[in-house]
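Here is the file my_file.txt (compact mmCIF, C-alpha atoms).
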# COMPACT_ATOMS: atom_id res chain seq x y z
CA MET A 2 -21.86 -23.90 -3.37
CA SER A 3 -23.75 -22.32 -0.51
CA ARG A 4 -21.09 -22.87 2.10
CA PHE A 5 -17.36 -22.58 2.48
CA GLN A 6 -16.03 -26.02 1.54
CA PRO A 7 -12.23 -25.89 1.58
CA ARG A 8 -11.75 -29.64 1.19
CA GLN A 9 -13.64 -29.77 -2.07
CA LEU A 10 -12.04 -26.59 -3.36
CA CYS A 11 -8.56 -27.75 -2.40
CA LYS A 12 -9.16 -31.06 -4.19
CA ARG A 13 -10.34 -29.31 -7.34
CA ALA A 14 -7.41 -26.93 -7.25
CA LEU A 15 -4.98 -29.80 -6.88
CA MET A 16 -6.58 -31.71 -9.73
CA PHE A 17 -6.20 -28.65 -11.96
CA ALA A 18 -2.64 -27.94 -10.89
CA GLY A 19 -1.67 -31.62 -11.03
CA ARG A 20 -2.76 -31.98 -14.64
CA LYS A 21 -0.81 -28.91 -15.65
CA ALA A 22 2.29 -29.79 -13.64
CA GLN A 23 2.88 -33.27 -14.95
CA GLN A 24 5.87 -31.96 -16.88
CA PRO A 25 8.70 -30.18 -15.00
CA ASP A 26 8.34 -26.42 -14.94
CA ALA A 27 4.99 -26.59 -16.71
CA MET A 28 3.56 -23.13 -17.40
CA VAL A 29 0.07 -22.54 -16.02
CA ARG A 30 -1.45 -19.21 -16.97
CA GLY A 31 1.82 -17.39 -16.66
CA LEU A 32 3.13 -19.46 -13.72
CA ARG A 33 5.89 -21.99 -13.45
CA MET A 34 4.94 -24.80 -11.07
CA ARG A 35 7.47 -26.70 -8.99
CA ARG A 36 6.55 -29.59 -6.69
CA VAL A 37 7.34 -29.38 -3.00
CA ARG A 38 6.00 -31.53 -0.21
CA PRO A 39 3.89 -29.82 2.49
CA THR A 40 4.99 -30.88 5.94
CA ARG A 41 4.08 -28.06 8.31
CA GLY A 42 0.30 -27.69 8.23
CA ARG A 43 -2.28 -25.31 6.81
CA CYS A 44 -2.23 -21.52 6.58
CA LEU A 45 -5.14 -19.14 5.94
CA VAL A 46 -4.40 -15.77 4.30
CA SER A 47 -7.16 -13.18 4.57
CA TYR A 48 -6.37 -10.24 2.32
CA ASN A 49 -7.91 -7.22 0.58
CA HIS A 50 -10.47 -8.44 -1.95
CA HIS A 51 -9.29 -5.97 -4.61
CA PHE A 52 -5.84 -7.53 -4.68
CA VAL A 53 -6.40 -11.24 -4.19
CA ARG A 54 -8.69 -11.69 -7.19
CA HIS A 55 -5.68 -12.00 -9.46
CA LEU A 56 -4.59 -15.18 -7.68
CA LYS A 57 -7.55 -17.06 -9.12
CA ARG A 58 -6.76 -15.88 -12.62
CA ILE A 59 -3.14 -16.88 -12.21
CA VAL A 60 -3.51 -20.21 -10.43
CA GLY A 61 -6.70 -21.05 -12.29
CA ALA A 62 -8.24 -22.97 -9.38
CA GLY A 63 -11.82 -23.96 -10.08
CA GLY A 64 -14.69 -23.66 -7.63
CA TRP A 65 -14.41 -19.99 -6.72
CA ASP A 66 -17.71 -19.22 -5.02
CA GLY A 67 -16.97 -15.71 -3.76
CA ARG A 68 -15.26 -16.87 -0.59
CA VAL A 69 -12.18 -18.96 -1.26
CA LEU A 70 -9.94 -17.73 -4.03
CA ALA A 71 -7.39 -20.48 -4.40
CA ALA A 72 -6.21 -23.53 -2.51
CA MET A 73 -2.68 -24.58 -3.28
CA GLN A 74 -0.90 -27.75 -2.17
CA ARG A 75 2.41 -29.30 -3.20
CA HIS A 76 3.16 -26.45 -5.61
CA VAL A 77 5.18 -23.27 -5.49
CA TRP A 78 4.78 -20.81 -8.34
CA ASP A 79 6.75 -17.86 -9.66
CA PRO A 80 5.33 -15.08 -11.86
CA ILE A 81 6.87 -15.04 -15.30
CA PRO A 82 7.56 -11.47 -16.52
CA GLY A 83 5.41 -10.55 -19.50
CA ALA A 84 3.05 -13.49 -19.10
CA ARG A 85 -0.60 -12.76 -19.71
CA ALA A 86 -1.71 -13.18 -16.11
CA GLY A 87 1.29 -11.19 -14.92
CA ARG A 88 -0.21 -8.02 -16.33
CA THR A 89 -2.39 -7.80 -13.25
CA PHE A 90 0.71 -6.85 -11.30
CA ALA A 91 1.11 -3.60 -13.22
CA SER A 92 -1.36 -1.23 -11.60
CA HIS A 93 -0.67 -1.58 -7.86
CA SER A 94 2.16 -3.04 -5.82
CA ALA A 95 -0.29 -4.96 -3.63
CA PHE A 96 -0.98 -7.42 -6.45
CA TRP A 97 2.61 -8.62 -6.39
CA GLU A 98 2.77 -8.25 -2.61
CA SER A 99 -0.19 -10.57 -1.97
CA ALA A 100 1.15 -13.12 -4.44
CA GLU A 101 4.55 -13.08 -2.78
CA MET A 102 2.99 -13.58 0.64
CA VAL A 103 1.19 -16.72 -0.52
CA ARG A 104 4.24 -17.93 -2.43
CA GLN A 105 6.49 -17.72 0.61
CA CYS A 106 3.98 -19.55 2.81
CA ALA A 107 3.65 -22.32 0.25
CA GLN A 108 7.42 -22.44 -0.23
CA ARG A 109 7.81 -23.21 3.45
CA GLY A 110 5.70 -26.32 3.01
CA PHE A 111 2.25 -25.11 4.04
CA ILE A 112 -1.08 -25.69 2.38
CA VAL A 113 -2.33 -22.16 1.74
CA ASP A 114 -5.97 -21.04 1.47
CA VAL A 115 -6.70 -17.46 0.43
CA ILE A 116 -9.94 -15.73 1.37
CA ASP A 117 -11.50 -12.34 0.73
CA GLU A 118 -11.00 -10.56 4.04
CA ARG A 119 -14.45 -8.96 3.93
CA ARG A 120 -16.06 -12.41 3.89
CA GLY A 121 -14.27 -13.62 6.99
CA SER A 122 -17.46 -13.79 9.03
CA LEU A 123 -18.56 -16.71 6.86
CA LEU A 124 -15.89 -18.96 8.39
CA THR A 125 -16.89 -20.91 11.51
CA ARG A 126 -16.17 -24.62 11.90
CA GLU A 127 -13.60 -24.62 9.11
CA LEU A 128 -11.27 -22.36 11.09
CA GLY A 129 -10.24 -25.26 13.30
CA ARG A 130 -8.28 -26.69 10.38
CA TYR A 131 -5.68 -23.90 10.33
CA ASP A 132 -2.36 -23.83 12.15
CA PHE A 133 -1.51 -20.29 11.03
CA ILE A 134 -3.79 -17.36 10.17
CA ILE A 135 -2.82 -14.07 8.52
CA ASP A 136 -5.52 -11.38 8.54
CA GLU A 137 -5.41 -7.88 7.07
CA TRP A 138 -8.83 -6.86 8.33
CA ASN A 139 -10.86 -7.22 11.54
CA ASN A 140 -11.47 -10.97 11.73
CA LEU A 141 -8.99 -12.05 14.39
CA GLN A 142 -11.07 -11.19 17.42
CA THR A 143 -13.67 -13.74 16.28
CA TRP A 144 -11.30 -16.25 14.74
CA THR A 145 -9.03 -16.58 17.77
CA ARG A 146 -12.02 -17.59 19.89
CA ILE A 147 -13.06 -20.24 17.39
CA ASN A 148 -9.52 -21.57 16.95
CA PRO A 149 -7.40 -20.57 19.96
CA ARG A 150 -4.56 -22.94 19.01
CA ALA A 151 -3.71 -21.20 15.69
CA LYS A 152 -0.85 -18.71 15.57
CA THR A 153 -2.17 -15.38 14.29
CA TRP A 154 -0.70 -12.41 12.48
CA TYR A 155 -2.36 -9.03 12.01
CA TYR A 156 -1.00 -7.74 8.68
CA ALA A 157 -1.56 -3.99 9.05
CA SER A 158 -1.84 -2.31 5.67
CA VAL A 159 -3.72 0.63 7.19
CA PRO A 160 -2.88 2.88 10.15
CA HIS A 161 -4.43 2.34 13.55
CA TRP A 162 -8.15 2.77 12.94
CA ILE A 163 -8.78 5.27 15.76
CA ALA A 164 -5.97 7.63 14.77
CA HIS A 165 -6.86 7.30 11.09
CA ASN A 166 -10.55 8.09 11.53
CA GLN A 167 -9.83 11.04 13.79
CA ALA A 168 -7.33 12.50 11.32
CA VAL A 169 -9.68 12.12 8.35
CA LEU A 170 -12.66 13.63 10.18
CA GLU A 171 -10.50 16.56 11.24
CA ARG A 172 -9.64 17.26 7.59
CA HIS A 173 -13.35 17.26 6.71
CA ALA A 174 -14.05 19.65 9.58
CA TRP A 175 -11.31 21.98 8.30
CA LEU A 176 -12.84 22.02 4.83
CA LEU A 177 -16.31 22.72 6.22
CA ALA A 178 -15.03 25.62 8.34
CA ARG A 179 -12.83 27.04 5.58
CA ARG A 180 -15.09 26.73 2.56
CA GLY A 181 -18.49 25.67 3.85
CA ILE A 182 -18.13 22.44 1.86
CA MET A 183 -19.24 19.04 3.12
CA VAL A 184 -18.19 15.96 1.15
CA LYS A 185 -18.55 12.28 1.91
CA THR A 186 -15.87 10.45 3.83
CA ILE A 187 -14.60 7.65 1.61
CA LYS A 188 -12.05 5.74 3.66
CA GLN A 189 -13.26 5.59 7.24
CA LEU A 190 -12.12 2.34 8.85
CA PRO A 191 -14.27 0.03 10.97
CA PRO A 192 -13.12 -0.86 14.48
CA ILE A 193 -10.22 -3.30 14.10
CA PHE A 194 -9.59 -5.23 17.31
CA GLY A 195 -7.19 -7.85 15.97
CA LEU A 196 -4.19 -6.08 17.48
CA GLU A 197 -4.86 -7.41 20.94
CA ASP A 198 -5.60 -10.94 19.75
CA ALA A 199 -2.72 -11.35 17.27
CA ASP A 200 0.47 -13.17 18.18
CA LEU A 201 2.40 -10.93 15.80
CA ILE A 202 1.73 -7.59 14.07
CA THR A 203 3.45 -5.99 11.10
CA SER A 204 3.43 -2.40 9.88
CA PHE A 205 4.81 -0.62 6.83
CA GLY A 206 4.82 2.74 8.57
CA ASN A 207 7.37 5.13 9.97
CA ALA A 208 7.84 6.26 13.56
CA VAL A 209 4.71 8.41 13.62
CA VAL A 210 2.52 5.62 12.25
CA ASN A 211 4.08 2.97 14.49
CA GLN A 212 3.61 5.13 17.56
CA ARG A 213 -0.10 4.36 17.33
CA PHE A 214 0.79 0.69 17.88
CA ALA A 215 2.98 1.39 20.91
CA HIS A 216 0.71 -0.54 23.27
CA VAL A 217 1.51 -3.74 21.36
CA ARG A 218 5.17 -2.93 20.76
CA PRO A 219 6.61 -6.33 21.86
CA LYS A 220 4.87 -8.10 18.97
CA LEU A 221 5.26 -5.35 16.34
CA ARG A 222 7.56 -5.98 13.37
CA GLN A 223 8.49 -3.86 10.38
CA LEU A 224 7.81 -4.73 6.74
CA GLN A 225 9.23 -2.77 3.82
CA TYR A 226 6.63 -1.38 1.45
CA LEU A 227 7.36 -1.86 -2.24
CA VAL A 228 6.90 0.12 -5.44
CA VAL A 229 5.55 -1.30 -8.68
CA ASP A 230 8.72 -0.98 -10.76
CA ASP A 231 12.10 -2.08 -9.51
CA ASP A 232 14.21 -0.84 -12.42
CA ILE A 233 13.92 2.90 -12.96
CA VAL A 234 16.62 4.85 -14.78
CA LEU A 235 16.45 8.61 -14.39
CA PRO A 236 16.82 10.48 -17.68
CA PRO A 237 18.14 14.08 -17.75
CA LYS A 238 15.58 16.60 -16.50
CA ASP A 239 14.97 20.20 -17.54
CA TRP A 240 15.04 21.75 -14.11
CA GLU A 241 14.38 25.27 -15.39
CA ALA A 242 10.82 24.14 -16.09
CA ALA A 243 10.44 21.26 -13.63
CA ARG A 244 11.28 23.26 -10.52
CA ARG A 245 8.05 25.24 -10.98
CA THR A 246 5.92 22.22 -11.87
CA PHE A 247 4.48 19.92 -9.20
CA LEU A 248 2.47 16.71 -8.98
CA TYR A 249 -0.40 15.60 -6.76
CA PHE A 250 -0.87 11.84 -7.11
CA ALA A 251 -3.20 9.82 -4.88
CA GLY A 252 -6.16 7.50 -4.81
CA ALA A 253 -9.70 7.95 -3.59
CA GLY A 254 -10.55 10.41 -0.85
CA GLY A 255 -9.40 13.88 -1.85
CA VAL A 256 -9.93 15.45 1.56
CA HIS A 257 -8.30 12.52 3.35
CA LYS A 258 -5.33 12.69 0.94
CA GLY A 259 -4.98 16.47 1.28
CA LEU A 260 -6.01 17.44 -2.25
CA ASP A 261 -7.99 20.41 -0.97
CA LEU A 262 -4.89 21.73 0.83
CA ALA A 263 -2.76 21.33 -2.28
CA VAL A 264 -5.36 23.13 -4.38
CA GLU A 265 -5.64 25.96 -1.85
CA ALA A 266 -1.85 26.40 -1.90
CA PHE A 267 -1.64 26.58 -5.68
CA LEU A 268 -4.59 28.93 -5.96
CA GLN A 269 -2.27 31.32 -4.12
CA GLU A 270 0.82 30.45 -6.19
CA LEU A 271 -0.29 31.18 -9.75
CA ASP A 272 3.29 31.12 -11.07
CA PHE A 273 3.51 27.42 -10.22
CA THR A 274 1.72 24.54 -11.98
CA LEU A 275 0.08 21.61 -10.19
CA HIS A 276 -0.81 18.42 -12.09
CA VAL A 277 -3.52 16.45 -10.29
CA VAL A 278 -3.63 12.74 -11.08
CA GLY A 279 -6.17 10.36 -9.64
CA SER A 280 -8.87 10.92 -7.11
CA MET A 281 -10.44 14.23 -8.05
CA ALA A 282 -11.37 13.34 -11.60
CA ASN A 283 -12.61 9.81 -11.02
CA THR A 284 -13.82 9.23 -7.50
CA ASP A 285 -14.60 12.56 -5.84
CA PRO A 286 -17.19 14.25 -8.08
CA ASP A 287 -18.57 16.32 -5.21
CA PHE A 288 -15.10 17.61 -4.41
CA ALA A 289 -14.40 18.37 -8.06
CA LYS A 290 -17.68 20.24 -8.33
CA SER A 291 -16.85 22.29 -5.22
CA TYR A 292 -13.42 23.41 -6.44
CA GLY A 293 -13.97 23.15 -10.20
CA GLU A 294 -14.82 26.80 -10.82
CA ALA A 295 -11.85 28.11 -8.82
CA ILE A 296 -9.49 25.69 -10.58
CA ALA A 297 -10.76 26.67 -14.02
CA LYS A 298 -10.39 30.35 -13.23
CA ALA A 299 -6.85 29.99 -11.86
CA GLY A 300 -5.57 28.06 -14.87
CA ASN A 301 -2.48 26.65 -13.15
CA ILE A 302 -4.05 23.44 -11.83
CA ILE A 303 -4.41 20.70 -14.44
CA VAL A 304 -6.64 17.73 -13.60
CA HIS A 305 -5.86 14.42 -15.30
CA PRO A 306 -7.85 11.18 -15.22
CA TRP A 307 -6.27 8.19 -13.53
CA VAL A 308 -3.52 6.72 -15.65
CA ASP A 309 -1.53 3.49 -15.54
CA ILE A 310 1.55 4.34 -13.52
CA ARG A 311 3.70 2.23 -15.85
CA SER A 312 2.43 3.95 -19.00
CA GLU A 313 4.49 6.32 -21.13
CA VAL A 314 1.88 9.02 -20.53
CA PHE A 315 2.48 8.92 -16.78
CA LYS A 316 6.25 8.72 -17.15
CA ALA A 317 6.20 11.80 -19.38
CA LEU A 318 4.16 13.67 -16.78
CA LEU A 319 6.57 12.66 -14.02
CA HIS A 320 9.46 13.92 -16.13
CA ARG A 321 7.84 17.35 -16.37
CA CYS A 322 7.41 17.67 -12.58
CA GLY A 323 10.06 18.39 -9.98
CA ALA A 324 8.29 17.41 -6.76
CA ILE A 325 5.24 15.59 -5.44
CA VAL A 326 2.87 17.31 -2.99
CA ALA A 327 1.51 14.69 -0.56
CA PRO A 328 -0.25 16.27 2.45
CA SER A 329 -2.29 13.18 3.36
CA ALA A 330 -3.90 13.04 6.78
CA SER A 331 -3.20 9.38 7.38
CA GLU A 332 -1.46 6.43 5.68
CA ASN A 333 0.31 3.30 6.75
CA CYS A 334 2.81 3.98 3.98
CA SER A 335 1.95 5.94 0.85
CA GLY A 336 2.74 3.88 -2.22
CA ALA A 337 1.89 6.78 -4.53
CA THR A 338 4.46 9.02 -2.83
CA LEU A 339 7.12 6.32 -2.98
CA GLN A 340 6.36 5.64 -6.63
CA ALA A 341 6.85 9.32 -7.48
CA MET A 342 10.07 9.43 -5.46
CA HIS A 343 11.33 6.39 -7.37
CA TYR A 344 10.97 8.48 -10.52
CA GLY A 345 13.02 11.21 -8.87
CA LEU A 346 10.35 13.58 -7.58
CA ILE A 347 11.27 15.46 -4.41
CA PRO A 348 8.70 14.81 -1.65
CA ILE A 349 6.71 17.62 -0.06
CA ALA A 350 5.00 15.48 2.56
CA GLY A 351 4.28 15.06 6.22
CA HIS A 352 5.27 12.20 8.48
CA THR A 353 1.66 11.02 8.30
CA VAL A 354 2.24 9.58 4.81
CA GLY A 355 4.23 6.82 6.52
CA THR A 356 7.52 7.17 4.64
CA TRP A 357 10.81 7.66 6.45
CA ASN A 358 11.32 11.13 5.01
CA ASP A 359 13.62 12.83 7.49
CA LEU A 360 15.97 13.51 4.58
CA TRP A 361 13.58 16.30 3.55
CA PRO A 362 11.72 18.99 5.51
CA ALA A 363 8.37 17.58 6.63
CA LEU A 364 4.96 19.21 6.61
CA THR A 365 4.29 19.60 10.32
CA GLY A 366 1.38 22.07 10.43
CA GLN A 367 -1.32 21.41 13.00
CA THR A 368 -4.04 23.33 11.15
CA ASP A 369 -5.14 23.59 7.56
CA LEU A 370 -3.81 27.13 7.21
CA GLU A 371 -0.42 26.11 8.59
CA LEU A 372 -0.18 23.19 6.17
CA ILE A 373 -1.20 25.35 3.20
CA ALA A 374 1.46 27.89 4.14
CA GLN A 375 4.10 25.16 4.47
CA ILE A 376 3.23 23.69 1.08
CA ARG A 377 3.64 27.12 -0.50
CA ALA A 378 6.93 27.72 1.31
CA GLN A 379 8.43 24.39 0.26
CA CYS A 380 7.37 24.93 -3.36
CA GLN A 381 9.06 28.34 -3.27
CA VAL A 382 12.27 26.82 -1.88
CA ILE A 383 12.36 24.23 -4.66
CA ALA A 384 11.71 26.87 -7.32
CA GLN A 385 14.68 28.91 -6.04
CA ARG A 386 17.21 26.08 -5.91
CA SER A 387 19.82 25.61 -8.58
CA PRO A 388 19.57 22.73 -11.09
CA VAL A 389 22.60 21.13 -9.45
CA GLU A 390 20.96 21.14 -6.00
CA LEU A 391 17.69 19.85 -7.39
CA GLU A 392 19.39 17.04 -9.27
CA GLU A 393 21.12 16.00 -6.06
CA GLN A 394 17.75 15.93 -4.25
CA ARG A 395 16.23 13.99 -7.14
CA ARG A 396 18.94 11.33 -6.96
CA MET A 397 18.52 11.14 -3.21
CA ALA A 398 14.79 10.40 -3.54
CA TRP A 399 15.44 7.76 -6.20
CA HIS A 400 18.20 6.12 -4.17
CA TYR A 401 16.10 6.08 -1.00
CA VAL A 402 13.37 4.07 -2.73
CA ARG A 403 15.88 1.83 -4.51
CA THR A 404 17.42 1.01 -1.15
CA HIS A 405 14.34 0.49 1.00
CA HIS A 406 11.23 -0.12 -1.11
CA THR A 407 11.91 -2.66 -3.85
CA ARG A 408 10.39 -6.09 -4.29
CA GLN A 409 13.57 -7.57 -2.88
CA ALA A 410 13.33 -5.38 0.23
CA TYR A 411 9.76 -6.53 0.81
CA ARG A 412 10.64 -10.16 0.08
CA GLU A 413 13.48 -10.16 2.62
CA SER A 414 11.50 -8.40 5.35
CA LEU A 415 8.55 -10.73 4.83
CA SER A 416 10.81 -13.78 4.92
CA ARG A 417 12.31 -12.74 8.27
CA VAL A 418 8.89 -12.21 9.82
CA LEU A 419 7.47 -15.46 8.43
CA ASP A 420 10.39 -17.50 9.75
CA GLU A 421 10.01 -16.01 13.21
CA TRP A 422 6.24 -16.37 13.27
CA MET A 423 6.29 -19.96 12.03
CA GLY A 424 9.02 -20.93 14.47
CA LEU A 425 11.60 -21.53 11.76
CA ALA A 426 14.04 -18.96 13.15
CA PRO A 427 14.78 -17.31 16.52
CA SER A 428 12.43 -14.52 17.52
CA ALA A 429 13.44 -11.11 16.27
CA ALA A 430 13.82 -8.18 18.60
CA GLU A 431 10.87 -5.85 19.00
CA LEU A 432 10.98 -2.54 17.18
CA PRO A 433 13.48 -0.13 18.75
CA ALA A 434 12.10 2.86 20.61
CA GLU A 435 13.13 5.29 17.87
CA MET A 436 10.70 3.56 15.51
CA LEU A 437 7.82 4.27 17.89
CA VAL A 438 8.28 7.95 18.64
CA PRO A 439 7.46 10.94 16.46
CA ALA A 440 10.16 11.63 13.90
CA LYS A 441 12.10 14.86 14.14
CA ALA A 442 10.40 17.85 12.62
CA GLY A 443 11.95 19.17 9.45
Can you give me the file's structure in the form of structure tokens?
Amino acid sequence: MSRFQPRQLCKRALMFAGRKAQQPDAMVRGLRMRRVRPTRGRCLVSYNHHFVRHLKRIVGAGGWDGRVLAAMQRHVWDPIPGARAGRTFASHSAFWESAEMVRQCAQRGFIVDVIDERRGSLLTRELGRYDFIIDEWNNLQTWTRINPRAKTWYYASVPHWIAHNQAVLERHAWLLARRGIMVKTIKQLPPIFGLEDADLITSFGNAVVNQRFAHVRPKLRQLQYLVVDDDIVLPPKDWEAARRTFLYFAGAGGVHKGLDLAVEAFLQELDFTLHVVGSMANTDPDFAKSYGEAIAKAGNIIVHPWVDIRSEVFKALLHRCGAIVAPSASENCSGATLQAMHYGLIPIAGHTVGTWNDLWPALTGQTDLELIAQIRAQCQVIAQRSPVELEEQRRMAWHYVRTHHTRQAYRESLSRVLDEWMGLAPSAAELPAEMLVPAKAG
């Protein structure tokens, strides 16, 4: 098809789902379908293209033409643990998150269409069909003019674009001044103007992140970020070794994520070991080339390829480490840091990673040299603590995530916001002032 044709796609999706759901609780590609009757209208969900692809594989809706991923009507589905399609949930929490978002909309009786957010400009006349629109990208400024009657929600999974871009560029300038190294920026954000046009805005971030949204505070609501695994049991740890062994774990954009600062700190702390998982080996070849010789010479920085965070290899590595070093310049909420904390790693992080980490001293340096010095100092403190103290800190990190960042925590926070936004419950209060001011320095 050359155009976006939601009616035809919805019909084909319903024909597919209807055939499979003739029997109660029929299983469709790892999903259990239950009939409900839509009564409240149509909802469009525009989400990150990396994470919505799995919905097509799970629902199995035909007619995917690169724009619409699935159209669901009269059905609510639940992932079945261990089902073939369910394996797509393993590598990143956003797979489950996006599925839950669509599930809850459909559960409330809405016809739900899901679109790749980066293809939003392709929608024109069809937008008039929607009563509710959720957008994670920068489509709302255009869409609200085409369909002014729809209620809109900006689903912020990234920080405010101006603050983010400034912070990332500053990190690159630091590296250039310190080492004479220029590498490509990987995660610069485009201008996102949906804040002003949205009826409601959500954020996963902490007080520092939310402060950037202060000008739209009355319509800002908090969602709880989630980790991949809900059930983590902490085995005994050898703290004599682990308190001198640290982890760096992050995705693409080594300079943005602070990998260069972590490396600089451990090049000066040769008695400590840093395990690097993720970005440097796979996605930042220029960065790896720039620091490769120094890392090889030092011998205390071990670079691993990206691994499945639910694999035994990764769990064994986490067990060897005592803390995670996360000096990222900008996040909405760092899932990698939370995942490590869920496995009991003590966070060495700044408020800019988006987690509510006032339980631990924060990295507050305003320059690269200050941050490097603070990373070294916090590593030294951890190395000098007793096993009893470290185990207490480990349990605290695990409990924090178990309390605030599970699938259930996300599900409940999303449900509250959806009910308010759709007019199914009284409006919630705006975020309190303490969630919009810089957190206390550690």
Atom pair atom CA of His320 of chain A + atom CA of Lys258 of chain A, distance 22.6 Å
Non-local contacts of segment 168-175 of chain A (8 Å; only C-alpha atoms; under 3 positions in same chain excluded) as a list in words:
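Once the nearby chain positions are removed, what remains is Ala164, His165, Ala178, Arg179, Met183, Val184, Thr186, Gln189, Val256, His257, Gly259, Ala330, Ser331, Thr368 and Asp369 of chain A.
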Between atom CA of Ala95 of chain A and atom CA of His343 of chain A lies a distance of 16.7 Å
For a cut-off of 12 Å around (3.8, -12.8, 17.9), file coordinates, pick out all residues using all atoms listed in the file and list them as a PyMOL selection string. chain A and resi 133-135+151-156+196-203+217-222+418-424+427-431
In terms of all atoms listed in the file, the residue from A:Ala107, A:Ile310, A:Leu339, A:Ala374 at minimal distance from Val402 of chain A is A:Leu339
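One distance worth recording is that between atom CA of Arg396 of chain A and atom CA of Val229 of chain A, which is 18.5 Å.
Residues in contact with Pro388 of chain A at up to 10 Å, not including ones fewer than 6 positions away on its chain and judged by only C-alpha atoms, are A:Lys238, A:Asp239, A:Trp240, A:Glu241, A:Ala243, A:Arg244, A:Gln394.
Ranking A:Leu391, A:Val234, A:Val314, A:Leu319 by their shortest atom-to-atom distance to His276 of chain A, with only C-alpha atoms included, puts A:Leu319 first.
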*Select, counting only C-alpha atoms, all protein, DNA and RNA residues no farther than 12 Å from (-10.2, -4.7, 20.4) in file coordinates, and express the selection as a VMD selection string.*
chain A and resid 139 to 143 161 to 163 191 to 199 217
